[in-house]
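protein25.txt (compact mmCIF, C-alpha atoms (C1' of nucleotides)) appears below.
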```txt
# COMPACT_ATOMS: atom_id res chain seq x y z
CA MET U 160 -70.67 29.03 61.59
CA LEU U 161 -68.99 29.20 58.22
CA THR U 162 -66.26 31.68 59.06
CA ALA U 163 -63.57 29.04 59.65
CA PHE U 164 -64.34 27.51 56.27
CA LYS U 165 -64.36 30.90 54.58
CA GLN U 166 -61.02 31.89 56.03
CA TYR U 167 -59.60 28.52 55.09
CA LEU U 168 -60.67 28.92 51.46
CA GLN U 169 -59.44 32.48 51.29
CA ARG U 170 -56.08 31.45 52.68
CA ASN U 171 -55.64 28.40 50.47
CA ALA U 172 -57.67 28.96 47.34
CA GLN U 173 -57.58 32.74 46.85
CA ILE U 174 -61.33 33.00 46.95
CA SER U 175 -62.91 36.41 47.34
CA ASP U 176 -65.78 37.31 49.65
CA GLN U 177 -68.28 37.41 46.81
CA GLN U 178 -67.07 34.13 45.37
CA PHE U 179 -67.42 32.52 48.76
CA ASP U 180 -70.95 33.77 49.16
CA LEU U 181 -71.86 32.19 45.84
CA ILE U 182 -70.20 28.89 46.63
CA ALA U 183 -71.38 28.64 50.20
CA GLU U 184 -75.05 29.06 49.47
CA GLY U 185 -77.05 26.14 50.72
CA LEU U 186 -74.22 24.48 52.61
CA THR U 187 -75.06 22.27 55.54
CA VAL U 188 -73.27 22.89 58.82
CA LYS U 189 -73.81 20.57 61.74
CA GLU U 190 -72.83 20.37 65.35
CA VAL U 191 -71.83 16.78 65.99
CA PRO U 192 -71.34 15.68 69.58
CA LYS U 193 -68.52 13.30 70.46
CA LYS U 194 -69.12 9.72 69.30
CA THR U 195 -71.62 10.71 66.62
CA VAL U 196 -71.21 8.60 63.50
CA LEU U 197 -71.20 10.70 60.33
CA LEU U 198 -70.74 7.81 57.92
CA PHE U 199 -71.50 4.15 58.53
CA SER U 200 -69.50 1.56 56.65
CA GLY U 201 -71.67 0.03 53.95
CA GLU U 202 -73.40 3.33 53.17
CA ILE U 203 -72.66 5.27 50.02
CA CYS U 204 -70.69 8.30 51.13
CA SER U 205 -72.48 11.37 49.77
CA HIS U 206 -70.40 14.06 51.45
CA VAL U 207 -66.91 15.29 51.96
CA PHE U 208 -66.62 16.67 55.48
CA PHE U 209 -64.73 19.79 56.40
CA VAL U 210 -63.90 20.03 60.08
CA SER U 211 -64.49 23.55 61.26
CA LYS U 212 -63.95 22.70 64.91
CA GLY U 213 -63.21 19.49 66.79
CA LEU U 214 -61.79 16.19 65.65
CA LEU U 215 -63.03 13.34 63.44
CA ARG U 216 -61.61 9.98 62.48
CA ALA U 217 -62.06 7.39 59.73
CA TYR U 218 -61.52 3.72 60.45
CA THR U 219 -62.14 0.24 59.12
CA VAL U 220 -63.08 -2.88 61.03
CA ASP U 221 -61.40 -6.11 59.99
CA GLY U 222 -62.66 -9.68 60.09
CA THR U 223 -61.65 -10.16 63.71
CA GLY U 224 -63.43 -7.02 64.86
CA LYS U 225 -60.32 -4.89 65.21
CA GLU U 226 -60.43 -1.21 64.26
CA HIS U 227 -57.78 0.30 62.01
CA ILE U 228 -57.68 4.07 61.97
CA ILE U 229 -57.02 5.40 58.49
CA GLN U 230 -57.10 9.11 59.19
CA PHE U 231 -57.59 11.77 61.82
CA ALA U 232 -59.12 15.09 60.83
CA PRO U 233 -58.72 18.06 63.20
CA GLU U 234 -59.67 21.66 62.44
CA ASP U 235 -59.27 22.72 58.80
CA TRP U 236 -58.95 19.17 57.52
CA TRP U 237 -61.05 17.22 55.06
CA ILE U 238 -62.24 13.74 55.60
CA SER U 239 -64.31 11.36 53.50
CA ASP U 240 -64.30 7.97 51.86
CA ARG U 241 -63.30 9.25 48.45
CA ASP U 242 -63.70 5.85 46.89
CA SER U 243 -67.30 5.75 47.98
CA PHE U 244 -67.93 9.42 47.24
CA TYR U 245 -66.59 9.44 43.69
CA CYS U 246 -67.23 5.89 42.60
CA HIS U 247 -70.51 5.38 44.45
CA GLN U 248 -69.23 2.24 46.14
CA PRO U 249 -70.45 1.19 49.57
CA SER U 250 -68.03 2.70 52.05
CA ILE U 251 -65.52 0.53 53.86
CA PHE U 252 -64.90 3.30 56.38
CA THR U 253 -66.76 4.49 59.40
CA ILE U 254 -66.36 8.18 60.19
CA ASP U 255 -67.16 9.48 63.65
CA ALA U 256 -66.38 12.33 66.04
CA ILE U 257 -63.66 12.02 68.66
CA GLU U 258 -64.56 15.40 70.13
CA ASP U 259 -67.65 17.59 69.99
CA SER U 260 -67.22 19.10 66.54
CA ILE U 261 -68.61 21.49 63.97
CA VAL U 262 -68.62 19.97 60.51
CA ILE U 263 -69.48 21.31 57.08
CA TYR U 264 -71.15 18.79 54.78
CA LEU U 265 -70.08 19.20 51.15
CA ASP U 266 -71.88 17.23 48.46
CA HIS U 267 -71.28 16.70 44.76
CA SER U 268 -73.24 19.77 43.78
CA PHE U 269 -70.97 21.91 45.92
CA PHE U 270 -67.86 20.74 44.11
CA GLU U 271 -69.48 21.18 40.71
CA LYS U 272 -70.69 24.64 41.58
CA ALA U 273 -67.37 25.67 43.07
CA ALA U 274 -65.42 24.37 40.08
CA ALA U 275 -67.71 26.18 37.66
CA LEU U 276 -67.70 29.47 39.54
CA THR U 277 -64.02 29.80 40.29
CA PRO U 278 -61.14 28.18 38.47
CA GLU U 279 -59.03 28.84 41.54
CA PHE U 280 -61.07 26.28 43.36
CA ASN U 281 -60.08 23.66 40.82
CA ASN U 282 -56.41 24.29 41.35
CA PHE U 283 -56.90 24.24 45.04
CA ASN U 284 -58.75 20.95 44.82
CA LEU U 285 -55.92 19.44 42.82
CA LYS U 286 -53.43 20.66 45.37
CA SER U 287 -55.45 19.08 48.17
CA LEU U 288 -55.42 15.75 46.41
CA HIS U 289 -51.68 15.94 45.90
CA ASN U 290 -51.27 16.64 49.56
CA ALA U 291 -53.36 13.65 50.46
CA ILE U 292 -51.17 11.50 48.23
CA ARG U 293 -47.92 12.85 49.68
CA TYR U 294 -49.14 12.21 53.14
CA MET U 295 -50.23 8.66 52.35
CA GLN U 296 -46.95 7.84 50.63
CA ARG U 297 -45.12 8.90 53.74
CA ARG U 298 -47.33 6.68 55.82
CA ILE U 299 -46.89 3.66 53.54
CA ASN U 300 -43.17 4.14 53.65
CA LEU U 301 -43.22 4.12 57.44
CA LEU U 302 -45.49 1.10 57.67
CA LEU U 303 -43.21 -0.81 55.30
CA GLY U 304 -40.00 -0.36 57.19
CA ALA U 305 -40.14 1.53 60.46
CA THR U 306 -40.35 0.05 63.95
CA ALA U 307 -43.17 0.86 66.35
CA GLU U 308 -40.98 3.44 68.07
CA GLU U 309 -40.00 5.17 64.82
CA ARG U 310 -43.62 5.33 63.72
CA TYR U 311 -44.67 6.82 67.04
CA LEU U 312 -41.93 9.44 66.91
CA ASP U 313 -42.94 10.34 63.38
CA PHE U 314 -46.53 10.71 64.51
CA ILE U 315 -45.52 13.07 67.30
CA ARG U 316 -43.41 15.12 64.93
CA LEU U 317 -46.19 15.33 62.34
CA TYR U 318 -49.10 15.97 64.72
CA PRO U 319 -47.61 17.46 67.90
CA ASN U 320 -50.89 19.04 68.92
CA LEU U 321 -52.96 15.93 68.33
CA THR U 322 -50.91 13.71 70.60
CA LEU U 323 -52.68 15.03 73.67
CA ARG U 324 -56.17 15.13 72.21
CA ILE U 325 -56.34 11.56 70.94
CA PRO U 326 -56.61 8.63 73.34
CA GLN U 327 -53.58 6.40 73.19
CA TRP U 328 -55.38 3.33 71.98
CA MET U 329 -56.47 5.28 68.92
CA ILE U 330 -52.93 6.38 68.21
CA ALA U 331 -51.87 2.75 68.52
CA SER U 332 -54.56 1.76 66.04
CA TYR U 333 -53.34 4.45 63.65
CA LEU U 334 -49.77 3.20 63.95
CA GLY U 335 -50.77 -0.40 63.37
CA ILE U 336 -49.79 -1.67 66.83
CA THR U 337 -51.65 -2.65 70.00
CA PRO U 338 -52.27 -0.19 72.85
CA GLU U 339 -50.07 -2.37 75.07
CA SER U 340 -47.18 -2.09 72.64
CA LEU U 341 -47.55 1.66 72.44
CA SER U 342 -47.53 1.83 76.21
CA ARG U 343 -44.27 -0.12 76.24
CA VAL U 344 -42.76 2.09 73.55
CA ARG U 345 -43.63 5.16 75.58
CA LYS U 346 -42.09 3.64 78.69
CA GLU U 347 -38.91 2.94 76.75
CA LEU U 348 -38.82 6.51 75.46
CA ALA U 349 -39.38 7.91 78.95
CA HIS U 350 -36.55 5.73 80.12
CA LYS U 351 -34.24 7.27 77.53
CA ASN U 352 -35.54 10.57 78.94
CA PHE U 353 -37.26 11.59 75.75
CA LYS U 354 -38.93 15.02 75.91
CA PRO U 355 -42.28 15.14 74.09
CA MET Y 71 -44.23 5.10 19.71
CA LEU Y 72 -47.09 7.18 21.09
CA THR Y 73 -49.97 4.96 20.01
CA ALA Y 74 -50.33 3.25 23.39
CA PHE Y 75 -50.52 6.61 25.09
CA LYS Y 76 -53.01 7.92 22.55
CA GLN Y 77 -55.28 4.93 22.88
CA TYR Y 78 -55.06 5.19 26.64
CA LEU Y 79 -56.13 8.84 26.61
CA GLN Y 80 -58.91 8.19 24.14
CA ARG Y 81 -60.20 5.35 26.24
CA ASN Y 82 -60.00 7.18 29.55
CA ALA Y 83 -60.24 10.88 28.84
CA GLN Y 84 -62.45 11.08 25.74
CA ILE Y 85 -59.78 12.87 23.79
CA SER Y 86 -60.16 13.18 20.03
CA ASP Y 87 -57.45 12.58 17.42
CA GLN Y 88 -56.97 16.30 16.83
CA GLN Y 89 -56.84 17.08 20.52
CA PHE Y 90 -54.25 14.41 21.03
CA ASP Y 91 -52.09 15.78 18.23
CA LEU Y 92 -52.13 19.16 19.92
CA ILE Y 93 -51.33 17.80 23.33
CA ALA Y 94 -48.71 15.33 22.24
CA GLU Y 95 -46.57 17.78 20.35
CA GLY Y 96 -43.07 17.84 21.71
CA LEU Y 97 -43.44 14.86 24.02
CA THR Y 98 -40.36 12.84 24.89
CA VAL Y 99 -40.49 9.10 24.45
CA LYS Y 100 -37.57 6.96 25.56
CA GLU Y 101 -36.57 3.34 25.39
CA VAL Y 102 -35.21 2.45 28.79
CA PRO Y 103 -33.37 -0.86 29.18
CA LYS Y 104 -33.84 -2.95 32.30
CA LYS Y 105 -32.12 -1.46 35.38
CA THR Y 106 -32.01 2.07 33.97
CA VAL Y 107 -32.65 4.67 36.67
CA LEU Y 108 -35.16 7.31 35.57
CA LEU Y 109 -35.12 9.29 38.78
CA PHE Y 110 -32.43 9.32 41.46
CA SER Y 111 -33.46 10.07 45.02
CA GLY Y 112 -32.32 13.56 45.93
CA GLU Y 113 -33.08 14.94 42.47
CA ILE Y 114 -36.04 17.21 41.84
CA CYS Y 115 -38.50 15.11 39.88
CA SER Y 116 -39.40 17.04 36.75
CA HIS Y 117 -41.51 14.44 34.99
CA VAL Y 118 -44.45 12.18 35.42
CA PHE Y 119 -43.74 8.94 33.58
CA PHE Y 120 -46.29 7.04 31.54
CA VAL Y 121 -45.35 3.43 30.92
CA SER Y 122 -46.14 2.54 27.34
CA LYS Y 123 -44.45 -0.85 27.52
CA GLY Y 124 -42.53 -2.68 30.21
CA LEU Y 125 -42.43 -2.27 33.97
CA LEU Y 126 -41.07 0.39 36.33
CA ARG Y 127 -40.86 0.66 40.09
CA ALA Y 128 -40.46 3.39 42.72
CA TYR Y 129 -38.67 2.65 45.96
CA THR Y 130 -37.07 4.28 48.98
CA VAL Y 131 -33.92 3.26 50.81
CA ASP Y 132 -34.00 3.45 54.61
CA GLY Y 133 -31.21 4.17 57.07
CA THR Y 134 -30.06 0.55 57.17
CA GLY Y 135 -29.81 0.32 53.39
CA LYS Y 136 -33.02 -1.64 52.90
CA GLU Y 137 -35.22 -0.95 49.89
CA HIS Y 138 -38.95 -0.42 50.27
CA ILE Y 139 -40.95 -0.60 47.09
CA ILE Y 140 -43.69 2.00 47.02
CA GLN Y 141 -45.21 1.28 43.63
CA PHE Y 142 -45.00 -0.86 40.54
CA ALA Y 143 -46.00 0.61 37.18
CA PRO Y 144 -46.71 -1.77 34.29
CA GLU Y 145 -48.19 -0.81 30.92
CA ASP Y 146 -50.68 2.09 30.98
CA TRP Y 147 -49.70 3.20 34.48
CA TRP Y 148 -48.31 6.47 35.73
CA ILE Y 149 -45.42 6.76 38.09
CA SER Y 150 -43.67 9.74 39.66
CA ASP Y 151 -42.71 11.31 42.94
CA ARG Y 152 -45.64 13.69 43.04
CA ASP Y 153 -44.33 15.39 46.13
CA SER Y 154 -41.15 16.26 44.32
CA PHE Y 155 -42.88 17.05 41.03
CA TYR Y 156 -45.48 19.44 42.42
CA CYS Y 157 -43.71 20.86 45.43
CA HIS Y 158 -40.20 20.92 43.96
CA GLN Y 159 -38.80 18.97 46.87
CA PRO Y 160 -35.80 16.67 46.47
CA SER Y 161 -37.22 13.24 45.72
CA ILE Y 162 -37.12 10.52 48.34
CA PHE Y 163 -37.84 7.90 45.68
CA THR Y 164 -35.71 6.16 43.15
CA ILE Y 165 -37.51 5.10 39.98
CA ASP Y 166 -35.99 2.46 37.73
CA ALA Y 167 -36.90 -0.12 35.11
CA ILE Y 168 -37.56 -3.74 36.06
CA GLU Y 169 -37.95 -4.71 32.38
CA ASP Y 170 -36.87 -3.14 29.11
CA SER Y 171 -39.50 -0.44 28.78
CA ILE Y 172 -40.85 2.37 26.65
CA VAL Y 173 -41.65 5.42 28.72
CA ILE Y 174 -43.27 8.77 27.93
CA TYR Y 175 -41.82 11.72 29.85
CA LEU Y 176 -44.45 14.30 30.78
CA ASP Y 177 -43.38 17.61 32.25
CA HIS Y 178 -45.25 20.52 33.79
CA SER Y 179 -45.82 22.22 30.47
CA PHE Y 180 -47.57 19.13 29.18
CA PHE Y 181 -50.09 19.18 32.01
CA GLU Y 182 -50.69 22.91 31.63
CA LYS Y 183 -51.15 22.61 27.90
CA ALA Y 184 -53.42 19.61 28.21
CA ALA Y 185 -55.55 21.27 30.87
CA ALA Y 186 -55.90 24.42 28.79
CA LEU Y 187 -56.71 22.64 25.55
CA THR Y 188 -59.23 20.13 26.77
CA PRO Y 189 -61.35 20.33 29.89
CA GLU Y 190 -61.85 16.57 29.60
CA PHE Y 191 -58.23 16.15 30.48
CA ASN Y 192 -58.80 17.96 33.76
CA ASN Y 193 -61.55 15.62 34.78
CA PHE Y 194 -59.47 12.70 33.77
CA ASN Y 195 -56.57 13.97 35.82
CA LEU Y 196 -58.80 14.33 38.85
CA LYS Y 197 -60.06 10.82 38.35
CA SER Y 198 -56.50 9.50 38.19
CA LEU Y 199 -55.65 11.15 41.46
CA HIS Y 200 -58.72 9.68 43.11
CA ASN Y 201 -57.69 6.30 41.87
CA ALA Y 202 -54.23 6.72 43.31
CA ILE Y 203 -55.78 7.63 46.65
CA ARG Y 204 -58.16 4.67 46.64
CA TYR Y 205 -55.36 2.34 45.90
CA MET Y 206 -53.14 3.74 48.63
CA GLN Y 207 -55.91 3.62 51.20
CA ARG Y 208 -56.37 -0.03 50.43
CA ARG Y 209 -52.67 -0.60 50.91
CA ILE Y 210 -52.51 1.29 54.20
CA ASN Y 211 -55.43 -0.70 55.46
CA LEU Y 212 -53.64 -3.95 54.63
CA LEU Y 213 -50.35 -2.84 56.14
CA LEU Y 214 -52.14 -1.84 59.34
CA GLY Y 215 -53.80 -5.12 60.02
CA ALA Y 216 -53.19 -7.98 57.64
CA THR Y 217 -50.71 -10.82 58.03
CA ALA Y 218 -47.97 -11.52 55.50
CA GLU Y 219 -50.13 -14.21 53.92
CA GLU Y 220 -53.18 -11.96 53.60
CA ARG Y 221 -51.09 -9.21 52.05
CA TYR Y 222 -49.60 -11.61 49.54
CA LEU Y 223 -53.02 -12.98 48.58
CA ASP Y 224 -54.31 -9.46 48.11
CA PHE Y 225 -51.35 -8.67 45.91
CA ILE Y 226 -52.04 -11.68 43.71
CA ARG Y 227 -55.70 -10.76 43.44
CA LEU Y 228 -54.91 -7.15 42.55
CA TYR Y 229 -52.03 -7.80 40.14
CA PRO Y 230 -52.45 -11.35 38.84
CA ASN Y 231 -50.40 -10.68 35.76
CA LEU Y 232 -47.56 -9.00 37.62
CA THR Y 233 -46.92 -11.89 39.95
CA LEU Y 234 -44.91 -13.72 37.35
CA ARG Y 235 -43.05 -10.72 35.97
CA ILE Y 236 -41.69 -9.38 39.25
CA PRO Y 237 -38.90 -11.20 41.11
CA GLN Y 238 -40.05 -12.49 44.46
CA TRP Y 239 -37.71 -10.42 46.55
CA MET Y 240 -39.29 -7.28 45.07
CA ILE Y 241 -42.78 -8.50 45.87
CA ALA Y 242 -41.57 -9.15 49.41
CA SER Y 243 -40.21 -5.61 49.59
CA TYR Y 244 -43.56 -4.27 48.36
CA LEU Y 245 -45.41 -6.28 51.00
CA GLY Y 246 -43.10 -5.13 53.77
CA ILE Y 247 -41.62 -8.55 54.55
CA THR Y 248 -38.32 -10.34 53.81
CA PRO Y 249 -37.83 -12.61 50.79
CA GLU Y 250 -37.37 -15.53 53.17
CA SER Y 251 -40.72 -14.90 54.79
CA LEU Y 252 -42.44 -14.66 51.43
CA SER Y 253 -40.87 -17.95 50.42
CA ARG Y 254 -42.29 -19.57 53.54
CA VAL Y 255 -45.71 -18.02 52.98
CA ARG Y 256 -45.75 -19.46 49.48
CA LYS Y 257 -44.73 -22.85 50.79
CA GLU Y 258 -47.58 -22.73 53.29
CA LEU Y 259 -50.04 -21.79 50.57
CA ALA Y 260 -48.81 -24.58 48.31
CA HIS Y 261 -49.27 -26.94 51.22
CA LYS Y 262 -52.90 -25.87 51.59
CA ASN Y 263 -53.02 -26.59 47.82
CA PHE Y 264 -53.70 -23.02 46.88
CA LYS Y 265 -54.23 -22.42 43.14
CA PRO Y 266 -52.65 -19.18 41.95
C1' DC Q 294 -69.22 13.05 95.84
C1' DG Q 295 -69.21 8.05 94.73
C1' DC Q 296 -69.63 4.45 91.49
C1' DG Q 297 -68.99 2.27 87.10
C1' DT Q 298 -66.65 2.34 82.77
C1' DT Q 299 -62.97 3.28 79.98
C1' DT Q 300 -58.18 3.79 79.42
C1' DC Q 301 -53.50 3.00 80.66
C1' DT Q 302 -49.91 0.24 82.62
C1' DT Q 303 -47.34 -3.93 83.79
C1' DA Q 304 -46.15 -8.80 83.79
C1' DC Q 305 -45.93 -13.19 81.67
C1' DC Q 306 -45.93 -16.04 77.80
C1' DA Q 307 -46.95 -16.88 72.67
C1' DT Q 308 -46.04 -16.08 67.96
C1' DA Q 309 -45.11 -14.02 63.53
C1' DC Q 310 -41.59 -12.50 61.28
C1' DA Q 311 -36.50 -11.22 60.96
C1' DT Q 312 -31.84 -12.54 60.81
C1' DC Q 313 -28.07 -15.45 59.73
C1' DA Q 314 -26.12 -19.08 57.32
C1' DA Q 315 -25.90 -22.94 54.11
C1' DT Q 316 -27.48 -25.07 49.88
C1' DG Q 317 -29.22 -25.52 45.33
C1' DC Q 318 -30.62 -23.84 40.98
C1' DG Q 319 -30.86 -21.23 36.84
C1' DT Q 320 -28.93 -17.91 33.82
C1' DA Q 321 -25.40 -14.96 32.05
C1' DA Q 322 -20.36 -14.30 31.20
C1' DC Q 323 -16.21 -15.87 29.69
C1' DG H 257 -17.97 -26.08 29.03
C1' DT H 258 -16.93 -23.90 33.33
C1' DT H 259 -17.33 -20.16 36.42
C1' DA H 260 -19.77 -16.81 38.76
C1' DC H 261 -23.56 -14.42 40.31
C1' DG H 262 -28.34 -13.52 41.60
C1' DC H 263 -32.30 -15.55 43.34
C1' DA H 264 -35.09 -18.91 45.86
C1' DT H 265 -35.39 -22.20 49.46
C1' DT H 266 -34.67 -24.21 54.03
C1' DG H 267 -33.25 -24.65 58.88
C1' DA H 268 -31.74 -22.80 63.33
C1' DT H 269 -32.13 -19.11 66.23
C1' DG H 270 -33.34 -14.20 67.71
C1' DT H 271 -36.41 -10.34 68.51
C1' DA H 272 -40.20 -7.23 68.21
C1' DT H 273 -44.67 -7.21 68.83
C1' DG H 274 -49.15 -9.62 70.04
C1' DG H 275 -52.39 -11.81 73.40
C1' DT H 276 -54.11 -12.35 77.91
C1' DA H 277 -54.95 -11.00 82.38
C1' DA H 278 -54.74 -8.16 86.23
C1' DG H 279 -54.46 -3.93 88.77
C1' DA H 280 -54.16 1.27 88.77
C1' DA H 281 -55.52 5.52 87.18
C1' DA H 282 -58.55 8.62 84.82
C1' DC H 283 -62.92 9.81 83.31
C1' DG H 284 -68.00 10.26 82.96
C1' DC H 285 -72.30 10.49 84.93
C1' DG H 286 -75.98 10.13 88.25
```
File written out as structure tokens:
Amino acid sequence: MLTAFKQYLQRNAQISDQQFDLIAEGLTVKEVPKKTVLLFSGEICSHVFFVSKGLLRAYTVDGTGKEHIIQFAPEDWWISDRDSFYCHQPSIFTIDAIEDSIVIYLDHSFFEKAAALTPEFNNFNLKSLHNAIRYMQRRINLLLGATAEERYLDFIRLYPNLTLRIPQWMIASYLGITPESLSRVRKELAHKNFKP
Amino acid sequence: MLTAFKQYLQRNAQISDQQFDLIAEGLTVKEVPKKTVLLFSGEICSHVFFVSKGLLRAYTVDGTGKEHIIQFAPEDWWISDRDSFYCHQPSIFTIDAIEDSIVIYLDHSFFEKAAALTPEFNNFNLKSLHNAIRYMQRRINLLLGATAEERYLDFIRLYPNLTLRIPQWMIASYLGITPESLSRVRKELAHKNFKP
DNA sequence: CGCGTTTCTTACCATACATCAATGCGTAAC
DNA sequence: GTTACGCATTGATGTATGGTAAGAAACGCG
């Protein structure tokens, strides 16, 4: 069950087999069927989730009941409410499974242990955070100035393999538009004979 | 010139006087008059800037020539294009001074030295990154769902003391709306006798 | 398979915000 | 002091996207 996670760490954090065995001791791995909620908004988030297989999402619900998808997490991605996890605030996100998934639950003790055992892990962790920031800056930039069509095209470019796995209304929510608008955008693109 | 930075590190990273002296050796501090550009888009960003006094901003320019402000950085804030700094990509941001400012230029060697000399600095650095992420998630969430008025109110709540220092058209750019729209939003709020 | 539920599409109209243009105001330059 | 420029405001008009409602298609489940 842990092999995907092991390979991921070896590829990205230069962690040896022995190091991994030390770090991985006591980890929780769960099979989560589609629609399972891993974190309810309002809870304190006590885990960072690593997606070994499947697809998760994090979203907020605004005052009018509308969902806004903050992040998708397919295989080899992390997902969490870092605000809640690190600052022990009640979470504003809900995290659930879009597909049947296999998820590794990482708690604070894991990160402490990993940091203490291997300095490589620290560097890797820093790099991950920088990546998260890069990725969010790109998204903010798009939300500030790009049209619905531009945002959709950027999404396809960035996540070509997710486009088919995620229902359209979720993509619309991620882009900050309504499902109807996305449908119209797609029609327009088809009309200009755009090849996905 | 470095006292603001020193106090900041002592407050936030539990760094002692001696540790600071070690870390701070060789740092560059510059006075940057209003409108000075610290980083041109297209350049590789080789510094993280710490604002000791004054006010900086980072912005992108889109295809139609419009500016989109990504971040403001008043006293005691960091600003940089982290993508460019860490991944040695050409920067997509321009960083310039909104007010006459005093800025500390921190390069890679500073971060390496600081991390090696004091483990506290590492933790502090991690915490800073988490803060950046929190703050960006909040912004994404607003951009996804909130109206111009809601975004403006959130801005005022989050940066009460910046509202007066930043020209309105820049606030509009930060919120992702036109200066005209912001003017109308403010008029509306005044009409509902809103107290800023 | 058949039935219900969810998702996608399409049409019509509503609205928030953008765009364009004109005016006024304050500050800096000369 | 006068001129000039940047910034804020306001009004008229345009456009992208939202809201609602309906039907079609796809999916899930007994």
Coordinates-based distance that separates atom CA of Leu341 of chain U from atom C1' of DT303 of chain Q (Å, one decimal):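 Here the two named atoms are 12.7 Å from each other.
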From Y:Tyr156, Y:Pro103, Y:Lys76, Y:Glu137, residue lying nearest Ile292 of chain U [all atoms listed in the file]: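 Comparing Y:Tyr156, Y:Pro103, Y:Lys76, Y:Glu137 against Ile292 of chain U, the winner is Y:Tyr156.
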Identify, on the basis of all atoms listed in the file, every residue whose closest approach to segment 269-283 of chain H does not exceed 8 Å; exclude the query and any residue fewer than 6 positions from it along the same chain; express the result as a compact mmCIF listing (two decimals) with C-alpha atoms (C1' of nucleotides), in the frame of the given file.
```
# COMPACT_ATOMS: atom_id res chain seq x y z
CA ILE U 336 -49.79 -1.67 66.83
CA THR U 337 -51.65 -2.65 70.00
CA SER U 340 -47.18 -2.09 72.64
C1' DT Q 299 -62.97 3.28 79.98
C1' DT Q 300 -58.18 3.79 79.42
C1' DC Q 301 -53.50 3.00 80.66
C1' DT Q 302 -49.91 0.24 82.62
C1' DA Q 307 -46.95 -16.88 72.67
C1' DT Q 308 -46.04 -16.08 67.96
C1' DA Q 311 -36.50 -11.22 60.96
C1' DT Q 312 -31.84 -12.54 60.81
```
Surrounding residues of Asp180 of chain U excluding itself and chain neighbours under 4 positions, 12 Å, all atoms listed in the file, as a PyMOL selection string: chain U and resi 161-162+164-165+168-169+174-176+184-186+272-273+276-277
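Comparing the minimum interatomic distances between Ala172 of chain U and each of U:Pro233, U:Gly304, U:Pro278, U:Gly224, counting all atoms listed in the file, we find that U:Pro278 sits nearest.
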Shortest interatomic distance to chain U - which of Q:DG319, Q:DG295, Q:DA314, Q:DA304, counting only C-alpha atoms (C1' of nucleotides):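 Under the stated criterion, the closest residue is Q:DA304.
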Protein, DNA and RNA residues within 10 Å of (-45.8, 0.3, 61.6), only C-alpha atoms (C1' of nucleotides), as a PyMOL selection string: (chain U and resi 298-311+331-336) or (chain Y and resi 213-215+246)
Between atom CA of Tyr175 of chain Y and atom CA of Glu279 of chain U, distance in Å (one decimal): 26.9 Å
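What separates atom CA of Arg343 of chain U from atom CA of Tyr218 of chain U is a distance of 23.7 Å.
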Residue nearest chain Y among U:Ser211, U:Ser260, U:Ser268, U:Ser243 (counting all atoms listed in the file):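 Residue with the minimum atom-to-atom distance to chain Y: U:Ser243.
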Expected axis-aligned box over every listed atom of segment 173-188 of chain Y, 5 Å added per side, centre plus edges in Å to one decimal, as lines of an AutoDock Vina configuration file:
```
center_x = -50.4
center_y = 14.9
center_z = 29.7
size_x = 27.6
size_y = 29.0
size_z = 18.2
```
Distance-based interface of chain Y with chain H, 9 Å, counting all atoms listed in the file, as a PDB file with C-alpha atoms, in the frame of the given file:
```
ATOM      1  CA  PRO Y 237     -38.900 -11.200  41.110  1.00  0.00           C
ATOM      2  CA  GLN Y 238     -40.050 -12.490  44.460  1.00  0.00           C
ATOM      3  CA  TRP Y 239     -37.710 -10.420  46.550  1.00  0.00           C
ATOM      4  CA  PRO Y 249     -37.830 -12.610  50.790  1.00  0.00           C
ATOM      5  CA  GLU Y 250     -37.370 -15.530  53.170  1.00  0.00           C
ATOM      6  CA  SER Y 253     -40.870 -17.950  50.420  1.00  0.00           C
ATOM      7  CA  ARG Y 254     -42.290 -19.570  53.540  1.00  0.00           C
TER       8      ARG Y 254
END
```
Residue nearest chain U - candidates Y:Arg127, Y:Arg227, Y:Lys262, Y:His138, atoms counted: only C-alpha atoms: Y:His138
